[in-house]
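**Student:** Sharing entry_5.cif (mmCIF, C-alpha atoms) below.
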data_run
loop_
_atom_site.label_atom_id
_atom_site.label_comp_id
_atom_site.auth_asym_id
_atom_site.auth_seq_id
_atom_site.Cartn_x
_atom_site.Cartn_y
_atom_site.Cartn_z
CA MET U 1 -44.83 52.99 -49.09
CA MET U 2 -43.54 53.20 -52.66
CA ALA U 3 -44.10 50.42 -55.17
CA SER U 4 -40.38 49.72 -55.40
CA ASP U 5 -40.20 49.25 -51.63
CA THR U 6 -43.13 46.85 -51.73
CA ALA U 7 -41.49 44.82 -54.49
CA ALA U 8 -38.28 44.58 -52.49
CA LEU U 9 -39.95 43.16 -49.38
CA PRO U 10 -40.16 39.48 -50.53
CA PHE U 11 -36.47 39.58 -51.47
CA VAL U 12 -35.53 40.96 -48.04
CA ASP U 13 -37.71 38.36 -46.34
CA ARG U 14 -36.07 35.55 -48.31
CA ARG U 15 -32.57 36.71 -47.44
CA THR U 16 -33.56 36.98 -43.78
CA THR U 17 -35.15 33.53 -43.90
CA ALA U 18 -32.01 32.08 -45.49
CA ARG U 19 -29.80 33.60 -42.79
CA ARG U 20 -32.02 32.24 -40.05
CA ALA U 21 -31.91 28.86 -41.77
CA HIS U 22 -28.07 29.01 -41.62
CA LEU U 23 -28.28 29.21 -37.83
CA TRP U 24 -30.98 26.57 -37.36
CA LEU U 25 -29.41 24.10 -39.78
CA GLY U 26 -25.98 24.69 -38.24
CA LEU U 27 -27.44 23.92 -34.80
CA LEU U 28 -29.16 20.84 -36.22
CA LEU U 29 -25.85 19.61 -37.66
CA VAL U 30 -24.12 20.05 -34.29
CA LEU U 31 -26.84 18.10 -32.48
CA VAL U 32 -26.90 15.33 -35.09
CA SER U 33 -23.09 15.13 -34.97
CA LEU U 34 -23.14 14.60 -31.20
CA ALA U 35 -25.80 11.94 -31.61
CA SER U 36 -23.71 10.25 -34.31
CA LEU U 37 -20.76 10.02 -31.95
CA ALA U 38 -23.00 8.56 -29.25
CA VAL U 39 -24.86 5.96 -31.36
CA GLY U 40 -23.46 2.62 -32.43
CA ALA U 41 -23.54 -1.13 -31.94
CA SER U 42 -20.84 -0.83 -29.28
CA GLY U 43 -21.88 -0.01 -25.74
CA THR U 44 -19.28 2.74 -25.53
CA SER U 45 -20.87 5.95 -24.20
CA LEU U 46 -19.83 9.35 -25.52
CA TRP U 47 -21.19 11.07 -22.43
CA GLY U 48 -19.36 8.69 -20.14
CA ALA U 49 -16.11 9.34 -22.00
CA LEU U 50 -16.64 13.12 -21.82
CA LEU U 51 -17.33 12.84 -18.08
CA LYS U 52 -14.09 10.90 -17.63
CA LEU U 53 -12.11 13.53 -19.50
CA ALA U 54 -13.74 16.30 -17.46
CA GLN U 55 -12.66 14.53 -14.28
CA GLY U 56 -9.12 14.10 -15.57
CA GLU U 57 -9.38 10.34 -16.04
CA ALA U 58 -7.86 8.48 -18.99
CA LEU U 59 -10.06 6.72 -21.52
CA THR U 60 -9.78 2.98 -21.96
CA LEU U 61 -8.33 1.55 -25.14
CA THR U 62 -11.81 0.44 -26.27
CA GLU U 63 -13.25 3.91 -25.75
CA ARG U 64 -10.43 5.55 -27.70
CA VAL U 65 -10.73 3.11 -30.60
CA VAL U 66 -14.53 3.30 -30.82
CA LEU U 67 -14.86 7.07 -30.45
CA TRP U 68 -11.74 8.32 -32.22
CA ASP U 69 -10.86 5.64 -34.78
CA ILE U 70 -14.36 4.42 -35.75
CA ARG U 71 -17.13 6.93 -34.99
CA ALA U 72 -15.23 10.21 -35.45
CA PRO U 73 -13.95 9.53 -39.01
CA ARG U 74 -17.37 8.16 -39.89
CA LEU U 75 -18.92 11.40 -38.66
CA VAL U 76 -16.54 13.54 -40.71
CA MET U 77 -17.08 11.39 -43.81
CA GLY U 78 -20.87 11.69 -43.41
CA ILE U 79 -20.63 15.47 -43.22
CA CYS U 80 -18.35 15.65 -46.26
CA VAL U 81 -20.35 13.24 -48.42
CA GLY U 82 -23.80 14.55 -47.47
CA GLY U 83 -22.75 18.17 -47.93
CA ALA U 84 -21.03 17.44 -51.24
CA LEU U 85 -24.02 15.62 -52.74
CA ALA U 86 -26.56 18.21 -51.61
CA VAL U 87 -24.55 21.23 -52.78
CA SER U 88 -23.78 19.50 -56.07
CA GLY U 89 -27.47 18.82 -56.59
CA ALA U 90 -28.37 22.46 -55.94
CA VAL U 91 -25.70 23.62 -58.40
CA MET U 92 -26.84 21.20 -61.10
CA GLN U 93 -30.47 22.23 -60.75
CA GLY U 94 -29.47 25.87 -61.03
CA LEU U 95 -27.08 25.31 -63.93
CA PHE U 96 -29.50 23.23 -66.01
CA ARG U 97 -32.55 25.22 -64.83
CA ASN U 98 -34.16 21.85 -64.26
CA PRO U 99 -35.62 20.82 -60.88
CA LEU U 100 -35.01 17.15 -61.69
CA ALA U 101 -31.27 17.51 -62.22
CA ASP U 102 -28.92 15.83 -59.77
CA PRO U 103 -25.15 15.21 -59.54
CA GLY U 104 -25.45 12.00 -61.54
CA ILE U 105 -26.73 13.83 -64.61
CA LEU U 106 -23.15 14.51 -65.76
CA GLY U 107 -22.25 10.85 -65.84
CA VAL U 108 -19.72 11.38 -63.05
CA THR U 109 -21.43 8.86 -60.77
CA THR U 110 -21.48 6.13 -63.40
CA GLY U 111 -17.87 6.95 -64.29
CA ALA U 112 -16.86 6.50 -60.66
CA SER U 113 -18.83 3.25 -60.52
CA LEU U 114 -17.06 1.97 -63.62
CA GLY U 115 -13.69 2.74 -62.04
CA ALA U 116 -14.63 0.92 -58.84
CA ILE U 117 -16.10 -2.08 -60.67
CA SER U 118 -12.98 -2.33 -62.84
CA ILE U 119 -10.78 -2.63 -59.77
CA ILE U 120 -13.05 -5.12 -58.02
CA VAL U 121 -13.20 -7.40 -61.06
CA LEU U 122 -9.80 -6.81 -62.69
CA GLY U 123 -7.70 -5.51 -59.80
CA ALA U 124 -5.89 -8.81 -59.33
CA ALA U 125 -4.26 -8.32 -62.74
CA LEU U 126 -2.55 -5.09 -61.65
CA PRO U 127 1.18 -5.14 -60.84
CA ALA U 128 1.89 -6.22 -57.28
CA VAL U 129 3.69 -2.95 -56.53
CA VAL U 130 0.51 -0.97 -57.31
CA GLN U 131 -1.64 -3.20 -55.13
CA THR U 132 0.88 -3.05 -52.28
CA THR U 133 1.38 0.72 -52.48
CA LEU U 134 -2.29 1.69 -52.56
CA GLY U 135 -3.68 -1.20 -50.53
CA ALA U 136 -7.21 -0.45 -49.33
CA GLY U 137 -7.05 2.91 -51.09
CA LEU U 138 -6.99 1.26 -54.53
CA LEU U 139 -10.79 1.15 -54.84
CA PRO U 140 -11.49 4.83 -53.98
CA VAL U 141 -8.57 5.98 -56.14
CA ALA U 142 -9.94 4.04 -59.12
CA ALA U 143 -13.44 5.44 -58.54
CA PHE U 144 -12.06 8.98 -58.32
CA LEU U 145 -10.06 8.55 -61.54
CA GLY U 146 -13.14 7.16 -63.27
CA ALA U 147 -15.18 10.19 -62.18
CA TRP U 148 -12.57 12.66 -63.39
CA TRP U 149 -12.04 10.87 -66.70
CA SER U 150 -15.79 10.97 -67.37
CA MET U 151 -15.90 14.68 -66.46
CA LEU U 152 -13.03 15.55 -68.81
CA LEU U 153 -14.62 13.55 -71.64
CA LEU U 154 -17.98 15.26 -71.09
CA TYR U 155 -16.40 18.70 -71.01
CA ARG U 156 -14.50 17.96 -74.21
CA VAL U 157 -17.65 16.83 -76.02
CA SER U 158 -19.82 19.77 -74.92
CA THR U 159 -17.31 22.61 -75.38
CA ARG U 160 -16.60 24.28 -78.71
CA ALA U 161 -14.59 27.49 -79.29
CA GLY U 162 -14.45 28.17 -75.57
CA ARG U 163 -18.24 27.95 -75.10
CA THR U 164 -19.93 25.15 -73.17
CA SER U 165 -23.40 24.16 -74.34
CA ILE U 166 -25.66 23.15 -71.43
CA ALA U 167 -28.04 21.30 -73.77
CA THR U 168 -25.18 19.34 -75.34
CA MET U 169 -23.76 18.58 -71.90
CA LEU U 170 -27.11 17.22 -70.73
CA LEU U 171 -27.48 14.94 -73.75
CA ALA U 172 -23.83 13.89 -73.65
CA GLY U 173 -24.11 13.12 -69.94
CA ILE U 174 -27.05 10.81 -70.61
CA ALA U 175 -25.20 9.09 -73.45
CA LEU U 176 -21.98 8.66 -71.45
CA SER U 177 -23.92 7.35 -68.44
CA ALA U 178 -25.48 4.69 -70.66
CA LEU U 179 -22.07 3.83 -72.15
CA PHE U 180 -20.39 3.53 -68.74
CA ALA U 181 -23.30 1.45 -67.48
CA ALA U 182 -22.86 -0.90 -70.45
CA PHE U 183 -19.15 -1.36 -69.71
CA SER U 184 -19.99 -1.93 -66.06
CA GLY U 185 -22.52 -4.56 -67.10
CA VAL U 186 -19.85 -6.41 -69.06
CA LEU U 187 -17.55 -6.45 -66.03
CA ILE U 188 -20.37 -7.56 -63.74
CA PHE U 189 -21.06 -10.41 -66.15
CA LEU U 190 -17.42 -11.49 -65.81
CA ALA U 191 -17.36 -11.21 -62.01
CA ASP U 192 -17.40 -14.23 -59.70
CA ASP U 193 -19.70 -14.65 -56.70
CA MET U 194 -17.36 -12.96 -54.21
CA GLN U 195 -16.80 -10.01 -56.52
CA LEU U 196 -20.55 -9.69 -57.14
CA ARG U 197 -21.15 -9.49 -53.40
CA GLU U 198 -18.54 -6.76 -53.03
CA LEU U 199 -19.99 -4.89 -56.01
CA THR U 200 -23.48 -5.04 -54.53
CA PHE U 201 -22.46 -3.60 -51.18
CA TRP U 202 -20.33 -0.88 -52.76
CA SER U 203 -23.11 0.21 -55.11
CA LEU U 204 -25.56 0.57 -52.20
CA GLY U 205 -23.25 2.95 -50.36
CA SER U 206 -21.87 2.95 -46.83
CA LEU U 207 -19.77 5.03 -44.45
CA ALA U 208 -18.34 1.92 -42.78
CA GLY U 209 -15.00 2.27 -44.57
CA ALA U 210 -14.25 5.67 -43.03
CA SER U 211 -10.71 6.23 -41.79
CA TRP U 212 -8.50 9.21 -41.09
CA VAL U 213 -6.10 8.15 -43.85
CA LYS U 214 -8.88 8.11 -46.44
CA LEU U 215 -10.26 11.41 -45.18
CA SER U 216 -6.86 13.08 -45.28
CA ILE U 217 -7.00 12.66 -49.07
CA ALA U 218 -10.71 13.04 -49.80
CA ALA U 219 -11.82 15.72 -47.33
CA PRO U 220 -9.62 18.57 -48.69
CA VAL U 221 -10.87 17.91 -52.24
CA ILE U 222 -14.50 17.91 -51.12
CA LEU U 223 -14.18 20.98 -48.89
CA VAL U 224 -12.43 23.06 -51.56
CA SER U 225 -14.95 21.97 -54.21
CA VAL U 226 -17.95 22.73 -52.01
CA ALA U 227 -16.52 26.10 -50.97
CA LEU U 228 -15.95 26.94 -54.63
CA ALA U 229 -19.50 25.89 -55.51
CA CYS U 230 -20.93 28.08 -52.74
CA THR U 231 -19.42 31.16 -54.41
CA LEU U 232 -21.63 30.63 -57.49
CA GLY U 233 -24.86 31.89 -55.94
CA ARG U 234 -25.08 35.15 -57.87
CA GLY U 235 -24.09 33.49 -61.14
CA LEU U 236 -26.71 30.76 -60.79
CA ASN U 237 -29.36 33.36 -59.94
CA GLY U 238 -28.47 35.13 -63.18
CA LEU U 239 -28.50 31.93 -65.24
CA ALA U 240 -32.04 31.26 -64.03
CA LEU U 241 -33.08 34.16 -66.29
CA GLY U 242 -31.18 32.73 -69.28
CA GLU U 243 -27.60 33.04 -70.46
CA ALA U 244 -28.24 36.22 -72.47
CA ALA U 245 -29.83 37.98 -69.50
CA ALA U 246 -27.04 36.80 -67.19
CA HIS U 247 -24.44 38.16 -69.60
CA HIS U 248 -26.15 41.58 -69.66
CA MET U 249 -26.14 41.55 -65.85
CA GLY U 250 -22.36 41.35 -65.93
CA ILE U 251 -22.12 37.70 -64.92
CA PRO U 252 -19.20 35.78 -66.48
CA VAL U 253 -21.40 33.03 -67.90
CA GLU U 254 -18.73 30.71 -69.30
CA ARG U 255 -16.55 30.97 -66.21
CA THR U 256 -19.56 30.28 -63.99
CA LYS U 257 -20.45 27.15 -65.99
CA THR U 258 -16.85 25.92 -65.99
CA ILE U 259 -16.43 26.40 -62.23
CA ALA U 260 -19.78 24.72 -61.59
CA ILE U 261 -18.88 21.68 -63.68
CA LEU U 262 -15.43 21.30 -62.14
CA ALA U 263 -16.65 21.80 -58.57
CA VAL U 264 -19.55 19.37 -58.91
CA SER U 265 -17.41 16.75 -60.65
CA ALA U 266 -14.69 16.92 -58.00
CA ALA U 267 -17.12 16.91 -55.06
CA THR U 268 -19.40 14.18 -56.41
CA GLY U 269 -16.59 12.03 -57.79
CA THR U 270 -14.71 12.11 -54.48
CA ALA U 271 -17.86 11.48 -52.45
CA VAL U 272 -18.83 8.47 -54.54
CA ALA U 273 -15.26 7.19 -54.44
CA ILE U 274 -15.15 7.00 -50.64
CA SER U 275 -18.76 6.06 -49.87
CA GLY U 276 -20.19 4.25 -52.91
CA GLY U 277 -23.56 5.06 -54.45
CA ILE U 278 -25.83 7.14 -52.21
CA GLY U 279 -28.90 8.50 -53.94
CA PHE U 280 -31.61 11.11 -53.43
CA ILE U 281 -29.61 13.46 -51.18
CA GLY U 282 -28.63 15.61 -54.15
CA ILE U 283 -32.14 15.88 -55.58
CA VAL U 284 -34.38 16.05 -52.49
CA VAL U 285 -32.45 18.45 -50.25
CA PRO U 286 -32.40 21.43 -52.69
CA HIS U 287 -36.14 20.99 -53.32
CA LEU U 288 -36.98 21.04 -49.62
CA LEU U 289 -34.91 24.17 -49.10
CA ARG U 290 -36.45 25.98 -52.06
CA LEU U 291 -39.88 25.34 -50.56
CA ALA U 292 -38.73 26.58 -47.16
CA THR U 293 -36.39 29.49 -47.91
CA GLY U 294 -36.90 30.41 -51.58
CA PRO U 295 -34.80 29.98 -54.75
CA ASP U 296 -31.97 32.43 -54.02
CA HIS U 297 -28.82 30.36 -54.52
CA ARG U 298 -26.70 32.62 -52.32
CA GLY U 299 -28.37 31.15 -49.25
CA LEU U 300 -29.56 27.91 -50.79
CA LEU U 301 -26.11 26.45 -51.45
CA VAL U 302 -24.86 26.85 -47.88
CA ASN U 303 -28.13 25.57 -46.43
CA ALA U 304 -28.03 22.58 -48.79
CA GLY U 305 -24.60 21.60 -47.46
CA LEU U 306 -25.77 21.81 -43.85
CA LEU U 307 -29.04 19.92 -44.38
CA GLY U 308 -27.47 17.31 -46.66
CA ALA U 309 -24.83 16.53 -44.04
CA SER U 310 -27.44 16.25 -41.29
CA LEU U 311 -29.74 13.98 -43.28
CA LEU U 312 -26.93 11.63 -44.25
CA LEU U 313 -25.79 11.39 -40.63
CA VAL U 314 -29.35 10.57 -39.54
CA ALA U 315 -29.58 7.87 -42.21
CA ASP U 316 -26.19 6.50 -41.10
CA MET U 317 -27.32 6.30 -37.47
CA ILE U 318 -30.42 4.36 -38.51
CA ALA U 319 -28.26 2.07 -40.66
CA ARG U 320 -26.03 1.29 -37.68
CA VAL U 321 -28.76 0.42 -35.16
CA ALA U 322 -31.65 -0.92 -37.28
CA VAL U 323 -30.26 -4.44 -37.61
CA ALA U 324 -27.38 -4.27 -35.10
CA PRO U 325 -24.80 -5.75 -34.89
CA ALA U 326 -25.11 -5.96 -38.69
CA GLU U 327 -25.41 -2.78 -40.75
CA LEU U 328 -27.79 -1.74 -43.51
CA PRO U 329 -26.31 -0.14 -46.63
CA ILE U 330 -27.00 3.56 -46.30
CA GLY U 331 -28.11 3.88 -49.92
CA ILE U 332 -31.16 1.76 -49.11
CA LEU U 333 -32.22 4.14 -46.35
CA THR U 334 -31.70 7.31 -48.37
CA ALA U 335 -33.85 5.78 -51.13
CA LEU U 336 -36.56 4.74 -48.65
CA LEU U 337 -36.60 8.19 -47.07
CA GLY U 338 -36.05 10.20 -50.23
CA SER U 339 -38.47 8.50 -52.62
CA PRO U 340 -41.69 9.47 -50.77
CA VAL U 341 -40.46 13.04 -50.38
CA PHE U 342 -39.57 13.26 -54.05
CA LEU U 343 -42.98 11.87 -55.08
CA TRP U 344 -44.67 14.40 -52.79
CA ILE U 345 -42.71 17.20 -54.44
CA LEU U 346 -43.76 16.01 -57.89
CA LEU U 347 -47.42 15.73 -56.90
CA ARG U 348 -47.31 19.12 -55.21
CA LYS U 349 -45.94 20.73 -58.37
CA ARG U 350 -48.77 19.16 -60.38
CA GLY U 351 -51.30 20.53 -57.93
CA LEU U 352 -52.38 17.05 -56.79
CA VAL U 353 -51.23 17.56 -53.23
CA ASP U 354 -51.95 20.70 -51.27
CA MET U 355 -49.86 20.78 -48.11
#
Taking this structure as input, can you express it in the form of structure tokens?
**Tutor:**
Amino acid sequence: MMASDTAALPFVDRRTTARRAHLWLGLLLVLVSLASLAVGASGTSLWGALLKLAQGEALTLTERVVLWDIRAPRLVMGICVGGALAVSGAVMQGLFRNPLADPGILGVTTGASLGAISIIVLGAALPAVVQTTLGAGLLPVAAFLGAWWSMLLLYRVSTRAGRTSIATMLLAGIALSALFAAFSGVLIFLADDMQLRELTFWSLGSLAGASWVKLSIAAPVILVSVALACTLGRGLNGLALGEAAAHHMGIPVERTKTIAILAVSAATGTAVAISGGIGFIGIVVPHLLRLATGPDHRGLLVNAGLLGASLLLVADMIARVAVAPAELPIGILTALLGSPVFLWILLRKRGLVDM
């Protein structure tokens, strides 16, 4: 066997491993999705409903409401949000060449939080026609606008003469996050007890507000953004070698960075707008997949979307049944599950854990 053939073997094995992971993670998502439809505080049985339909019987009103109007949109939202956060995390880690990067590094998350907090505290001062027109959608719309405004401001600060500086973007993202957090602190200081309670639950994240109306607006944005991000695999692989090397490989560096920033901002901003703050999915999932399938972004991005969706659905199922009929904020569970994994990753990289 020639030396070149030997050198190519690990690459072939990684691509094969990534393709196999597509199948296994896709199957896992299907199984978790079925379980998500079957689990809940209500005694409504998915399998009983499916058996009724197979026998040609009509579902009761309770079964239709629970399965179609409550659990099904919650399932779709979990898939969209989990996939968006995980893919965004993988893109950010590849773009910044930093394993600790996550979607919040751009300040988009804090921008969305500022938009949501502004509406919760100051929403009563808006014209009645705005409140009536948007109704329950006022909060996610404000969070989405806050995310996009922060993204545009960040892009403006870090781009000069058509070139986007990753280092400047990182520093500007940290500065803007601190600024948005300060404004949010001022609003929280002005909030009353009821508003503080609403702020607390929103910041901890939940899929309880899922509805088909909300998804009809948010899901297309997330799906298009995630699909766009998944086309960046080759570009991110090139950027891992440095911008100069990527340019010599024929990769459109500036276009890749621009698409990455726009896709991540849209996906993360929309996800945070409809679900609140859910942490650790975007930083833990890409790490786990790199350990399992390698660093090739062409397979990593798709696998991140599948695993991120599955993990968020599992966390949501636990949130629904752990203290039923009440419900735990899902952000608490993702932090409880994600923190030990993240610490293990850090210790493993330092050679303190050998597993």
**Student:** Expand the PyMOL selection byres ((chain U and resi 157) around 12) into the individual residues it matches in the shown file, reporting them as a PDB file with C-alpha atoms, in the frame of the given file.
**Tutor:**
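Writing the result to result33.pdb gives the following:
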ATOM      1  CA  LEU U 106     -23.150  14.510 -65.760  1.00  0.00           C
ATOM      2  CA  SER U 150     -15.790  10.970 -67.370  1.00  0.00           C
ATOM      3  CA  MET U 151     -15.900  14.680 -66.460  1.00  0.00           C
ATOM      4  CA  LEU U 152     -13.030  15.550 -68.810  1.00  0.00           C
ATOM      5  CA  LEU U 153     -14.620  13.550 -71.640  1.00  0.00           C
ATOM      6  CA  LEU U 154     -17.980  15.260 -71.090  1.00  0.00           C
ATOM      7  CA  TYR U 155     -16.400  18.700 -71.010  1.00  0.00           C
ATOM      8  CA  ARG U 156     -14.500  17.960 -74.210  1.00  0.00           C
ATOM      9  CA  SER U 158     -19.820  19.770 -74.920  1.00  0.00           C
ATOM     10  CA  THR U 159     -17.310  22.610 -75.380  1.00  0.00           C
ATOM     11  CA  ARG U 160     -16.600  24.280 -78.710  1.00  0.00           C
ATOM     12  CA  ALA U 161     -14.590  27.490 -79.290  1.00  0.00           C
ATOM     13  CA  GLY U 162     -14.450  28.170 -75.570  1.00  0.00           C
ATOM     14  CA  ARG U 163     -18.240  27.950 -75.100  1.00  0.00           C
ATOM     15  CA  THR U 164     -19.930  25.150 -73.170  1.00  0.00           C
ATOM     16  CA  SER U 165     -23.400  24.160 -74.340  1.00  0.00           C
ATOM     17  CA  ILE U 166     -25.660  23.150 -71.430  1.00  0.00           C
ATOM     18  CA  ALA U 167     -28.040  21.300 -73.770  1.00  0.00           C
ATOM     19  CA  THR U 168     -25.180  19.340 -75.340  1.00  0.00           C
ATOM     20  CA  MET U 169     -23.760  18.580 -71.900  1.00  0.00           C
ATOM     21  CA  LEU U 170     -27.110  17.220 -70.730  1.00  0.00           C
ATOM     22  CA  LEU U 171     -27.480  14.940 -73.750  1.00  0.00           C
ATOM     23  CA  ALA U 172     -23.830  13.890 -73.650  1.00  0.00           C
ATOM     24  CA  GLY U 173     -24.110  13.120 -69.940  1.00  0.00           C
ATOM     25  CA  ALA U 175     -25.200   9.090 -73.450  1.00  0.00           C
ATOM     26  CA  LEU U 176     -21.980   8.660 -71.450  1.00  0.00           C
TER      27      LEU U 176
END
**Student:** Run the PyMOL selection byres ((chain U and resi 98) around 12) against the file shown and list the residues it catches, as a list in words.
**Tutor:**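 Applying the PyMOL selection byres ((chain U and resi 98) around 12) to the structure shown produces Gly89, Ala90, Val91, Met92, Gln93, Gly94, Leu95, Phe96, Arg97, Pro99, Leu100, Ala101, Asp102, Ile105, Ile166, Ala167, Leu170, Leu239, Ala240, Ile283, Pro286 and His287 of chain U.
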**Student:** I need the residues from that last selection saved to file as a short mmCIF file (atom, residue, chain, number, x, y, z; two decimals), in the frame of the given file (with C-alpha atoms), if you can.
**Tutor:**
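Saved file part_11.cif follows:
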data_model
loop_
_atom_site.label_atom_id
_atom_site.label_comp_id
_atom_site.auth_asym_id
_atom_site.auth_seq_id
_atom_site.Cartn_x
_atom_site.Cartn_y
_atom_site.Cartn_z
CA GLY U 89 -27.47 18.82 -56.59
CA ALA U 90 -28.37 22.46 -55.94
CA VAL U 91 -25.70 23.62 -58.40
CA MET U 92 -26.84 21.20 -61.10
CA GLN U 93 -30.47 22.23 -60.75
CA GLY U 94 -29.47 25.87 -61.03
CA LEU U 95 -27.08 25.31 -63.93
CA PHE U 96 -29.50 23.23 -66.01
CA ARG U 97 -32.55 25.22 -64.83
CA PRO U 99 -35.62 20.82 -60.88
CA LEU U 100 -35.01 17.15 -61.69
CA ALA U 101 -31.27 17.51 -62.22
CA ASP U 102 -28.92 15.83 -59.77
CA ILE U 105 -26.73 13.83 -64.61
CA ILE U 166 -25.66 23.15 -71.43
CA ALA U 167 -28.04 21.30 -73.77
CA LEU U 170 -27.11 17.22 -70.73
CA LEU U 239 -28.50 31.93 -65.24
CA ALA U 240 -32.04 31.26 -64.03
CA ILE U 283 -32.14 15.88 -55.58
CA PRO U 286 -32.40 21.43 -52.69
CA HIS U 287 -36.14 20.99 -53.32
#
**Student:** Which one is closest to Glu243 of chain U: U:Thr231, U:Thr256, U:Ser118, U:Thr62? Count only C-alpha atoms.
**Tutor:** U:Thr256
**Student:** Which residues are near Gly43 of chain U? Cut-off 12 Å, all atoms listed in the file, ignore same chain within fewer than 2 positions. Put them as a count of residues only.
**Tutor:** 17
**Student:** For the structure provided, state which residues fall under the PyMOL selection byres ((chain U and resi 71) around 12), and present them as number ranges by chain.
**Tutor:** U: 33-42, 44-46, 63-70, 72-78, 207-212, 313, 316-317, 320
**Student:** Using all atoms listed in the file, which of the listed residues (U:Ala178, U:Val108, U:Leu288, U:Leu53) sits closest to Gly146 of chain U?
**Tutor:**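 Of U:Ala178, U:Val108, U:Leu288, U:Leu53, the one nearest Gly146 of chain U is U:Val108, counting all atoms listed in the file.
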**Student:** Which residue is closest to Gly83 of chain U? Choose from U:Ile318, U:Ala326, U:Ser184, U:Leu29 and count only C-alpha atoms.
**Tutor:**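 Once distances to Gly83 of chain U are computed over only C-alpha atoms, the minimum belongs to U:Leu29.
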**Student:** Quick check, in Å to one decimal: how far apart do atom CA of Ala229 of chain U and atom CA of Val87 of chain U lie?
**Tutor:** 7.4 Å
**Student:** When you draw a straight line from atom CA of His247 of chain U to atom CA of Ser88 of chain U, how long is it in Å?
**Tutor:**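 Separation of atom CA of His247 of chain U and atom CA of Ser88 of chain U: 23.1 Å.
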**Student:** Residues within 9 Å of Gly111 of chain U, please, as a list in words. Count only C-alpha atoms; anything in the same chain fewer than 4 positions from it doesn't count.
**Tutor:**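 The residues that qualify are Gly107, Gly115, Ala116, Ala143, Phe144, Leu145, Gly146, Ala147, Trp148, Trp149, Ser150, Met151, Leu176, Ser177, Phe180, Ala181 and Gly269 of chain U.
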**Student:** At a cut-off of 12 Å, can you tabulate as CSV every residue of segment 156-232 of chain U near segment 120-135 of chain U together with its closest atom pair and the distance in Å to one decimal, using all atoms listed in the file and ordering rows by chain then number?
**Tutor:**
residue,atom,partner,partner_atom,distance
U:Ser184,CA,U:Val121,CA,10.1
U:Gly185,CA,U:Val121,CA,11.5
U:Val186,CA,U:Val121,CA,10.5
U:Leu187,CA,U:Val121,CA,6.7
U:Ile188,CA,U:Val121,CA,7.7
U:Phe189,CA,U:Val121,CA,9.8
U:Leu190,CA,U:Val121,CA,7.6
U:Ala191,CA,U:Val121,CA,5.7
U:Asp192,CA,U:Val121,CA,8.1
U:Asp193,CA,U:Val121,CA,10.7
U:Met194,CA,U:Ile120,CA,9.7
U:Gln195,CA,U:Ile120,CA,6.3
U:Leu196,CA,U:Val121,CA,8.6
U:Arg197,CA,U:Ile120,CA,10.3
U:Glu198,CA,U:Ile120,CA,7.6
U:Leu199,CA,U:Ile120,CA,7.2
U:Thr200,CA,U:Ile120,CA,11.0
U:Phe201,CA,U:Ile120,CA,11.7
U:Trp202,CA,U:Ile120,CA,9.9
U:Ser203,CA,U:Ile120,CA,11.8
U:Val213,CA,U:Leu134,CA,11.5
U:Lys214,CA,U:Leu134,CA,11.0
**Student:** Find the residue from U:Leu114, U:Ala219, U:Ile119, U:Ala245 that sits nearest to Ala182 of chain U; use all atoms listed in the file when measuring.
**Tutor:** U:Leu114
**Student:** Just the number, please: distance in Å from atom CA of Leu23 of chain U to atom CA of Cys80 of chain U, one decimal.
**Tutor:**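 Distance reported for this atom pair: 18.8 Å.
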**Student:** Between U:Leu50, U:Leu236, U:Ala58, U:Leu347, which one has atoms that come closest to Ile259 of chain U, using only C-alpha atoms?
**Tutor:**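 With only C-alpha atoms as the atom set, the closest residue is U:Leu236.
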**Student:** Set up a box along x, y and z of the file covering all listed atoms of segment 145-157 of chain U, add 3 Å on every one of the six sides, and write the centre and edge lengths in Å to one decimal, as lines of an AutoDock Vina configuration file.
**Tutor:**
center_x = -14.0
center_y = 12.9
center_z = -68.8
size_x = 13.9
size_y = 17.5
size_z = 20.5
**Student:** Kindly indicate which residue among U:Gly242, U:Gly250, U:Gly233, U:Pro340 lies nearest to Asp296 of chain U, using all atoms listed in the file for the distances.
**Tutor:**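 Checking each candidate against Asp296 of chain U, we get U:Gly233 as the closest.
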**Student:** Mind listing whatever residues come within 12 Å of the point (-32.4, 6.6, -51.9)? Use only C-alpha atoms, file coordinates, and give them as an MDAnalysis selection string.
**Tutor:** chainID U and resid 203:205 277:285 311:312 315 329:342
**Student:** Do a neighbour search on Leu27 of chain U at 12 Å with all atoms listed in the file, toss out local chain neighbours closer than 6 positions, and write the hits as a PyMOL selection string.
**Tutor:** chain U and resi 20-21+33-34+303+306-307+310
